Each structure stands twice: as C-alpha cells, then as structure tokens.
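Q: Handing you a structure now.
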Amino acid sequence: MNDTSRSGAGDRWAWLFPGQGSQKVGMGRRMLERSVAARRVFEEASEAIGVDLARLCLEGPLETLTATENAQPAIVTVSVACLAELQDLGLSPPIVVGHSVGEFSALVAAGCLPLADAVRAVRKRGELMASVTTPGGMVAVMGLEAARVEALCHEAARDAVAVVAIHNSPQQFVLSGDVRALERFKDLALAAGAKDCVMLEVSHAFHSPLMAQIHEDWRAEVARLRLRMPRCPVILNTTAKSVETLVCIRRSLVEQLTAPVLWMQCVKNLASLGVTRVLEVGDSKVVSSLARRTVPTLQTQTFLDPSILNDLTPVKG
C-alpha cells in the first residue's frame with residue numbers, strides 16, 4: 001500500500017472526508033483549474049444527477065448550494081475530485097473515515113462504491129431529508145463534556161425529542177430534535193457553564209428519530225447500491241469501528257438517518273490504530289480540526305494548503 005507523505009515516512013496516515021456544513025461558493029475551484037482528473041470527476045457526477053455541479057459549486061448562489069439535496073452531491077463530488085488528484089500522484093488511502101454524508105466519499109475512496117452511484121444516492125438522500133414534514137432543529141454546544149451534555153439533553157427532552165446527534169470532539173456536540181426541547185437545552189447548557197450554545201440554521205432535525213419518516217424509502221435506496229468490500233479500512237460513523245462486511249456498510253448508511261455521528265469516537269479509534277497524521281480530502285478544514293481537538297498529537301494537512309500536492313508523494317509503507 002502507498003502511504004501519503006514526504007514529510008513523515010514513519011507516520012501512519014488516515015484520510016478524512018468532510019460532510020454537510022462544509023459547503024461554500026467557490027468550493028473546488030483550485031481542483032478544477034489545475035487537474036484534468038478533477039474535471040472528469042465533476043463531469044461524471046454532473047451527468048449522473050443531471051445537475052451542473054461545477055457551476056453550482058463555483059457560482060452558487062449560496063442558498064441553492066446549501067439546500068440539502070444540492071449540498072450533499074456537491075460535497076461528495078469535491079472530495080472525490082481531490083481524491084482523483086491524489087490518485088494521479090500514485091497515492092491510495094491507508095485508512096478512511098467520512099463525517100456523515102462524507103462517509104459516501106470515504107466509500108468511493110476505498111473502492112466500495114462507484115462515484116456515479118454515490119452522487120445519485122446522496123442526491124436522493126438529500127431530497128428525502130428535505131421532504132420530512134416533522135418540524136425540528138439542531139443546536140451546537142461548546143465547552144461541556146459528554147456526560148454533562150447527555151444529562152442536560154435528557155433533562156431538556158422530558159416531553160419532546162432531543163438527542164445528541166453529533167459527537168464532534170470532547171468539547172463540541174450537536175443536539176437534534178424538537179425546537180422546544182433544544183431551546184430548553186440551550187438555557188440549561190449556558191447555566192451549566194457552556195462556552196457557547198448556538199441554534200444552527202438547518203431545515204430539519206438530522207441524525208435524530210424525527211427523520212424516521214423517510215427510513216424505509218432510504219433503506220430501499222441503500223439496498224440498490226452496488227457495494228464492494230473496501231480495499232482499505234473504513235471506519236463507520238454509527239459504530240466508530242472498521243467495516244467487516246457489506247451488511248455493516250448498508251446498515252450504517254441506513255442508520256445514519258436517525259443515529260448519532262460518532263466522529264470523536266472514530267478519531268480515537270484512528271489513534272488506537274496508530275494513526276499519527278490525517279489528510280482532509282475536500283475543500284475544507286473542518287473535520288481535520290475536529291480530529292486534532294480530539295487527539296491533539298495528530299498532525300493535520302488539508303487541500304486548503306496551496307502547496308499540498310507538492311508536499312505529498314507516494315512512500316512505500
């Protein structure tokens with residue numbers, strides 16, 4: 001297997017793939033300008049869903065790009081465009097993990113899923129999510145530890161749904177559920193000493209039981225995916241463990257709708273496997289920053305660094 005860096009031949013790498021929330025107008029510009037392989041990725045993905053993803057990413061508008069049915073295929077496409085540049089250098093991922101919808105990018109990187117299938121699936125995923133009629137929201141809390149967050153969440157959810165939906169780092173969590181319960185949680189968290197607690201600008205209560213309305217439709221979509229066993233370890237969001245069977249992958253993709261994203265636990269697992277350096281494969285630094293907050297000794301690199309491709313060369317591992 002080829003590992004990733006000129007700067008640390010003795011290091012073990014993992015590639016991280018960002019999820020929804022990392023989208024911005026202009027994403028993918030550098031990849032499109034410098035790489036034929038990246039342009040081919042955009043062309044293939046655009047053809048698969050009938051949307052000009054290059055134009056959407058470069059020109060927006062932001063409101064259109066942020067719509068969940070657009071943001072998800074756009075984010076996956078940008079990550080796979082970065083992946084294509086890495087593959088042009090002769091690099092292949094040693095271990096991969098993706099944050100929420102970024103799990104699809106990770107599966108493409110691991111050879112589990114063709115790009116066209118991935119973008120069609122996440123386009124459908126976004127459409128289904130947008131169709132949920134149950135009202136809900138999400139709130140991010142910073143500066144409280146997991147046990148305290150769980151206890152306050154339980155207290156706030158006494159007559160409504162509220163769950164810890166995303167474990168981003170030891171001091172950052174996102175709750176999802178009924179807005180009344182989330183407002184109660186916000187008051188409780190700030191009184192308990194949280195550094196910040198912010199209602200997110202999202203349309204629905206993602207990664208919570210309030211998404212159950214679309215569960216069966218999404219299960220049917222996942223059942224149609226042409227999956228193959230990965231060529232490298234894939235750490236799954238819902239278990240924070242490596243894939244063992246195709247059944248594990250399908251179950252994780254289905255359960256993601258209503259189950260929490262265990263990002264912090266995924267990163268801790270990477271460290272337990274000896275990972276010392278991570279590369280964020282996308283036009284973002286979000287998930288690599290979260291990884292370093294979880295394991296401060298991790299060294300991080302991202303595609304936002306203009307010299308990134310010069311810094312990376314294949315090293316026999």
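By convention here, the chains of the structure tokens are called A, B, ... in the order presented, each chain's residues are numbered starting at 1, and ligands are numbered starting at 1 in the order presented.
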Per residue of region 273-316 of chain A within 8 Å of region 14-27 of chain A, record the nearest atom pair and its distance in Å to one decimal, counting only C-alpha atoms, with rows in chain order and ascending residue number, as a tab-separated table.

A:
residue	atom	partner	partner_atom	distance
A:Val275	CA	A:Ala14	CA	6.5
A:Arg277	CA	A:Ala14	CA	6.6
A:Val278	CA	A:Ala14	CA	4.9
A:Leu279	CA	A:Trp15	CA	4.9
A:Glu280	CA	A:Leu16	CA	4.7
A:Val281	CA	A:Phe17	CA	5.3
A:Gly282	CA	A:Phe17	CA	6.4
A:Asp283	CA	A:Met27	CA	5.9
A:Ser284	CA	A:Ser22	CA	6.1
A:Val286	CA	A:Pro18	CA	6.9
A:Val287	CA	A:Pro18	CA	5.8
A:Ser288	CA	A:Leu16	CA	7.0

Q: Let me see the file: selected residues, N, CA and C atoms, as an mmCIF file, in the first residue's frame.

A:
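Once everything was written out, this is selection-v1.cif:
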data_model
loop_
_atom_site.group_PDB
_atom_site.id
_atom_site.type_symbol
_atom_site.label_atom_id
_atom_site.label_comp_id
_atom_site.auth_asym_id
_atom_site.auth_seq_id
_atom_site.Cartn_x
_atom_site.Cartn_y
_atom_site.Cartn_z
ATOM 1 N N VAL A 275 -2.584 5.770 13.908
ATOM 2 C CA VAL A 275 -2.586 6.915 13.005
ATOM 3 C C VAL A 275 -1.979 8.127 13.708
ATOM 4 N N ARG A 277 -1.036 11.021 11.473
ATOM 5 C CA ARG A 277 -1.253 12.160 10.570
ATOM 6 C C ARG A 277 -2.563 11.950 9.817
ATOM 7 N N VAL A 278 -3.293 13.047 9.600
ATOM 8 C CA VAL A 278 -4.535 12.964 8.851
ATOM 9 C C VAL A 278 -4.534 14.001 7.742
ATOM 10 N N LEU A 279 -5.150 13.618 6.637
ATOM 11 C CA LEU A 279 -5.307 14.497 5.484
ATOM 12 C C LEU A 279 -6.796 14.674 5.236
ATOM 13 N N GLU A 280 -7.281 15.924 5.246
ATOM 14 C CA GLU A 280 -8.680 16.185 4.928
ATOM 15 C C GLU A 280 -8.822 16.312 3.418
ATOM 16 N N VAL A 281 -9.607 15.418 2.847
ATOM 17 C CA VAL A 281 -9.752 15.316 1.396
ATOM 18 C C VAL A 281 -11.047 16.027 0.999
ATOM 19 N N GLY A 282 -10.930 17.316 0.720
ATOM 20 C CA GLY A 282 -12.070 18.151 0.382
ATOM 21 C C GLY A 282 -11.654 19.603 0.471
ATOM 22 N N ASP A 283 -12.551 20.505 0.146
ATOM 23 C CA ASP A 283 -12.253 21.934 0.202
ATOM 24 C C ASP A 283 -12.687 22.469 1.560
ATOM 25 N N SER A 284 -12.033 22.002 2.612
ATOM 26 C CA SER A 284 -12.481 22.242 3.979
ATOM 27 C C SER A 284 -11.345 21.917 4.941
ATOM 28 N N VAL A 286 -12.613 21.521 8.314
ATOM 29 C CA VAL A 286 -13.495 21.310 9.467
ATOM 30 C C VAL A 286 -13.181 20.013 10.198
ATOM 31 N N VAL A 287 -13.187 18.885 9.480
ATOM 32 C CA VAL A 287 -13.088 17.604 10.183
ATOM 33 C C VAL A 287 -11.678 17.323 10.675
ATOM 34 N N SER A 288 -10.657 17.837 9.974
ATOM 35 C CA SER A 288 -9.292 17.674 10.473
ATOM 36 C C SER A 288 -9.087 18.501 11.737
#

Q: DSSP says strand (DSSP E or B) for which residues of region 167-253 of chain A? Put them as a short mmCIF file (atom, residue, chain, number, x, y, z; two decimals) with C-alpha atoms, in the first residue's frame?

A:
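result_13.cif, written as the output of this step:
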data_model
loop_
_atom_site.label_atom_id
_atom_site.label_comp_id
_atom_site.auth_asym_id
_atom_site.auth_seq_id
_atom_site.Cartn_x
_atom_site.Cartn_y
_atom_site.Cartn_z
CA HIS A 167 -20.10 13.87 18.75
CA ASN A 168 -17.63 16.22 17.08
CA SER A 169 -14.93 16.46 19.77
CA GLN A 172 -18.23 20.09 20.96
CA PHE A 173 -21.53 18.32 20.40
CA VAL A 174 -24.62 18.89 18.26
CA LEU A 175 -28.10 18.09 19.52
CA SER A 176 -31.06 17.42 17.29
CA GLY A 177 -34.78 17.28 17.91
CA ASP A 196 -21.39 28.76 23.65
CA CYS A 197 -24.65 27.21 22.56
CA VAL A 198 -25.97 28.13 19.12
CA MET A 199 -29.10 27.15 17.22
CA VAL A 234 -13.18 2.19 6.56
CA ILE A 235 -14.27 3.47 9.98
CA SER A 242 -13.90 -0.78 10.84
#

Q: Quick one: everything within 8 Å of Val132 (chain A), counting only C-alpha atoms, minus sequence neighbours fewer than 3 positions away in the same chain. Send it as a list in words.

A: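 So the residues in contact are Leu128, Met129, Pro135, His204, Met211, Gln213 and Ile214 of chain A.
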
Q: Take the residues that were just selected and, keeping N, CA and C atoms, output them as an mmCIF file, in the first residue's frame.

A:
data_model
loop_
_atom_site.group_PDB
_atom_site.id
_atom_site.type_symbol
_atom_site.label_atom_id
_atom_site.label_comp_id
_atom_site.auth_asym_id
_atom_site.auth_seq_id
_atom_site.Cartn_x
_atom_site.Cartn_y
_atom_site.Cartn_z
ATOM 1 N N LEU A 128 -34.872 13.211 0.170
ATOM 2 C CA LEU A 128 -35.697 12.589 1.201
ATOM 3 C C LEU A 128 -35.644 13.391 2.498
ATOM 4 N N MET A 129 -34.464 13.816 2.883
ATOM 5 C CA MET A 129 -34.336 14.612 4.106
ATOM 6 C C MET A 129 -35.152 15.900 4.009
ATOM 7 N N PRO A 135 -41.390 18.911 12.096
ATOM 8 C CA PRO A 135 -40.512 20.051 12.384
ATOM 9 C C PRO A 135 -39.429 19.684 13.384
ATOM 10 N N HIS A 204 -34.056 20.768 9.310
ATOM 11 C CA HIS A 204 -34.642 19.596 9.958
ATOM 12 C C HIS A 204 -33.741 19.113 11.096
ATOM 13 N N MET A 211 -36.284 11.893 11.891
ATOM 14 C CA MET A 211 -36.078 11.575 10.484
ATOM 15 C C MET A 211 -36.670 10.217 10.113
ATOM 16 N N GLN A 213 -39.476 9.212 9.377
ATOM 17 C CA GLN A 213 -40.493 9.239 8.316
ATOM 18 C C GLN A 213 -39.962 8.708 6.986
ATOM 19 N N ILE A 214 -38.677 8.926 6.711
ATOM 20 C CA ILE A 214 -38.110 8.538 5.409
ATOM 21 C C ILE A 214 -37.262 7.271 5.501
#

Q: Measuring between only C-alpha atoms, which one of A:Val254, A:Leu190, A:Arg55, A:Ala130 shows the shortest distance to Arg148 (chain A)?

A: A:Leu190

Q: Counting only C-alpha atoms, which of A:Gly50, A:Pro73, A:Pro94, A:Pro170 gets nearest to Leu273 (chain A)?

A: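 Using only C-alpha atoms, Leu273 (chain A) sits closest to A:Pro94.
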
Q: Would you pick out the contacts of Ser203 (chain A) at 8 Å or less, using only C-alpha atoms, so that residues sharing its chain but fewer than 2 positions from it are not included, and give the list as a list in words?

A: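 Counting only the stated atoms, we get Ala130, Gly136, Gly137, Glu201 and Ala205 of chain A.
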
Q: For Val96 (chain A), which residue out of A:Val243, A:Val76, A:Val36, A:Val161 is the nearest one, using only C-alpha atoms?

A: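 Nearest candidate to Val96 (chain A) out of A:Val243, A:Val76, A:Val36, A:Val161: A:Val243.
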